[in-house]
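Visitor: Pasting a structure below so you can have a look.
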Amino acid sequence: TPPSTPIPKVGVAVFLLNGSKVLLGKRLSAIGHSTFALPGGHLEFGESFEECAAREVKEETGLEIDKTEYLTVTNNVISEKVHVVCIFMRATPADPNQKPQTLEPEKCDGWDWYEWNNLPKPLFGPLENMVQSGYNPFPTTAS
Ligand code: 8DG
Ligand code: MG
Ligand code: MG
C-alpha cells in the first residue's frame, strides 16, 4: 500500500477546574510520553466539542462534567507525523468530591488535582506553551 499522506486531526482537551486546581495525568502514550496533560482526545465524526469533552473525560477518568465551555484553540505541529488542532474547553466536575479513576492505564499513569500555581513538570508541549504565554483557564471573578 502507498504511504498515506498525514492529515491534521482535531483534538479536544479539557481544563477540568476544581476550586483553584486543575486535573492532570502523566501520559503513557508515545506522543508526549511522561508529560502531564489534560484529559481529552480526538473529536469523533458528528460530535460537538461539548460532547467530545464529556465523553473523553468520562472514558479516561470516570468523572461527569458540568458547565462545559469553549475556551480557545491552538495549532500543534507535534512531530513530522502528528499535527493536531486542539480545542480547549473548561468544565467543572459534577461532583467535586468524586475521585478520578485511571480508566485507561495504558495511556495515563494516573490523575490528580494540581494547584494552578504549582503545576507538575514536565507539562505536555501544547499545554506548556499555553502556560508559558501566561494563559489562565479560570473564569475571571467579579471584583
Ligand atoms: P482517542 O483515541 O481516545 O480519541 O484519543 P486519545 O488517545 O485520548 O488522544 P490524546 O492524545 O489524549 O488527545 C488528542 C490530541 O489532542 C493530542 O494528541 C494532542 C492534543 N492535545 C493538546 N493538548 C492536550 C492536552 O493537554 N491533553 C490531551 N489529552 N490532548 C491534548 O494539544
Ligand atoms: Mg481518549
Ligand atoms: Mg486522551
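Each chain in the C-alpha cells gets a letter, A, B, ..., in the order shown, and its residues are numbered from 1; ligands are numbered from 1 in order too.
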Counting only C-alpha atoms and all ligand atoms, what are the residues of chain A within 12 Å of ligand 2, and for each of them which pair of atoms is the nearest and at what distance in Å, to one decimal? Sort the table by chain and rising number, as a Markdown table.
Guide:
```
| residue | atom | partner | partner_atom_place_in_ligand_line | distance |
| --- | --- | --- | --- | --- |
| A:Gly11 | CA | ligand 2 | 1 (Mg) | 9.8 |
| A:Val12 | CA | ligand 2 | 1 (Mg) | 9.5 |
| A:Ala13 | CA | ligand 2 | 1 (Mg) | 9.7 |
| A:Val14 | CA | ligand 2 | 1 (Mg) | 11.4 |
| A:Arg27 | CA | ligand 2 | 1 (Mg) | 11.1 |
| A:Leu28 | CA | ligand 2 | 1 (Mg) | 12.0 |
| A:Ser29 | CA | ligand 2 | 1 (Mg) | 10.5 |
| A:Ala37 | CA | ligand 2 | 1 (Mg) | 11.9 |
| A:Leu38 | CA | ligand 2 | 1 (Mg) | 10.6 |
| A:Pro39 | CA | ligand 2 | 1 (Mg) | 7.5 |
| A:Gly40 | CA | ligand 2 | 1 (Mg) | 5.7 |
| A:Gly41 | CA | ligand 2 | 1 (Mg) | 4.3 |
| A:His42 | CA | ligand 2 | 1 (Mg) | 7.0 |
| A:Leu43 | CA | ligand 2 | 1 (Mg) | 9.7 |
| A:Glu44 | CA | ligand 2 | 1 (Mg) | 10.7 |
| A:Cys52 | CA | ligand 2 | 1 (Mg) | 9.6 |
| A:Ala53 | CA | ligand 2 | 1 (Mg) | 9.8 |
| A:Ala54 | CA | ligand 2 | 1 (Mg) | 10.8 |
| A:Arg55 | CA | ligand 2 | 1 (Mg) | 8.4 |
| A:Glu56 | CA | ligand 2 | 1 (Mg) | 5.2 |
| A:Val57 | CA | ligand 2 | 1 (Mg) | 7.8 |
| A:Lys58 | CA | ligand 2 | 1 (Mg) | 9.2 |
| A:Glu59 | CA | ligand 2 | 1 (Mg) | 6.6 |
| A:Glu60 | CA | ligand 2 | 1 (Mg) | 6.0 |
| A:Thr61 | CA | ligand 2 | 1 (Mg) | 9.7 |
| A:Gly62 | CA | ligand 2 | 1 (Mg) | 11.7 |
| A:Thr102 | CA | ligand 2 | 1 (Mg) | 11.6 |
| A:Leu103 | CA | ligand 2 | 1 (Mg) | 9.9 |
| A:Glu104 | CA | ligand 2 | 1 (Mg) | 8.0 |
| A:Pro105 | CA | ligand 2 | 1 (Mg) | 11.2 |
| A:Glu106 | CA | ligand 2 | 1 (Mg) | 10.9 |
| A:Lys107 | CA | ligand 2 | 1 (Mg) | 8.2 |
| A:Cys108 | CA | ligand 2 | 1 (Mg) | 9.8 |
```
Visitor: Which residues come within 10 Å of A:Gly19, counting only C-alpha atoms, excluding same-chain residues fewer than 4 positions away, as a PDB file with C-alpha atoms, in the first residue's frame?
Guide:
```pdb
ATOM      1  CA  THR A  92     -16.204  21.613  36.453  1.00  0.00           C
ATOM      2  CA  PRO A  96     -16.199  17.910  43.247  1.00  0.00           C
ATOM      3  CA  TRP A 113      -5.682  17.657  41.097  1.00  0.00           C
ATOM      4  CA  GLU A 115      -2.861  23.859  42.099  1.00  0.00           C
ATOM      5  CA  TRP A 116      -2.677  26.138  39.055  1.00  0.00           C
ATOM      6  CA  PHE A 138     -10.051  30.075  35.216  1.00  0.00           C
TER       7      PHE A 138
END
```
Visitor: Check the smallest atom-to-atom distance from each of A:Asn18, A:Leu24, A:Gly110, A:Asp95 to A:Phe36 using only C-alpha atoms, then report the winner.
Guide: A:Leu24
Visitor: Rounded to one decimal in Å, what is the spacing between atom CA of A:Ile7 and atom 13 (O, counted along the ligand's line) of ligand 1?
Guide: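 Spanning atom CA of A:Ile7 to atom 13 (O, counted along the ligand's line) of ligand 1 is a straight-line distance of 15.2 Å.
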Visitor: Report, in Å to a single decimal, how far apart atom CA of A:Ser4 and atom 28 (C, counted along the ligand's line) of ligand 1 are.
Guide: 24.2 Å
Visitor: For atom CA of A:Val85 and atom CA of A:Trp111, quote the distance in Å rounded to one decimal.
Guide: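 About the pair atom CA of A:Val85 and atom CA of A:Trp111: they are 23.6 Å apart.
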Visitor: Of the candidates A:Asn117, A:Gln98, A:Thr140, A:Asn76, which one gets nearest to ligand 1 if we count only C-alpha atoms and all ligand atoms?
Guide: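 Of the candidates, the smallest distance to ligand 1 is held by A:Asn76.
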Visitor: Hey, which of A:Lys9, A:Ala30, A:Pro3, A:Val22 ends up closest to A:Ile87? Count only C-alpha atoms.
Guide: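 For A:Ile87, the nearest of the candidates is A:Lys9.
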Visitor: So, with only C-alpha atoms as the atoms that count, which of A:Lys26, A:Val73, A:Leu119, A:Gln101 lies closest to A:Gln132?
Guide: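 Smallest distance to A:Gln132 is found for A:Leu119.
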Visitor: Kindly indicate which residue among A:Gly25, A:Pro8, A:Gly134, A:Pro93 lies nearest to A:Asp66, using only C-alpha atoms for the distances.
Guide: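 Looking at the shortest contact to A:Asp66, the residue is A:Pro93.
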Visitor: Write out as a list in words all residues of chain A that backbone DSSP assigns to helix (DSSP H, G or I).
Guide: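 Everything in chain A that counts as helix (DSSP H, G or I) is Phe49, Glu50, Glu51, Cys52, Ala53, Ala54, Arg55, Glu56, Val57, Lys58, Glu59, Glu60, Thr61, Trp116, Asn117, Asn118, Gly125, Pro126, Leu127, Glu128, Asn129, Met130, Val131 and Gln132 of chain A.
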Visitor: Which residue, A:Leu63, A:Thr5, A:Thr74, A:Thr68, has the smallest gap to A:Pro100 when you use only C-alpha atoms?
Guide: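 Ranked by minimum distance to A:Pro100, first place goes to A:Leu63.
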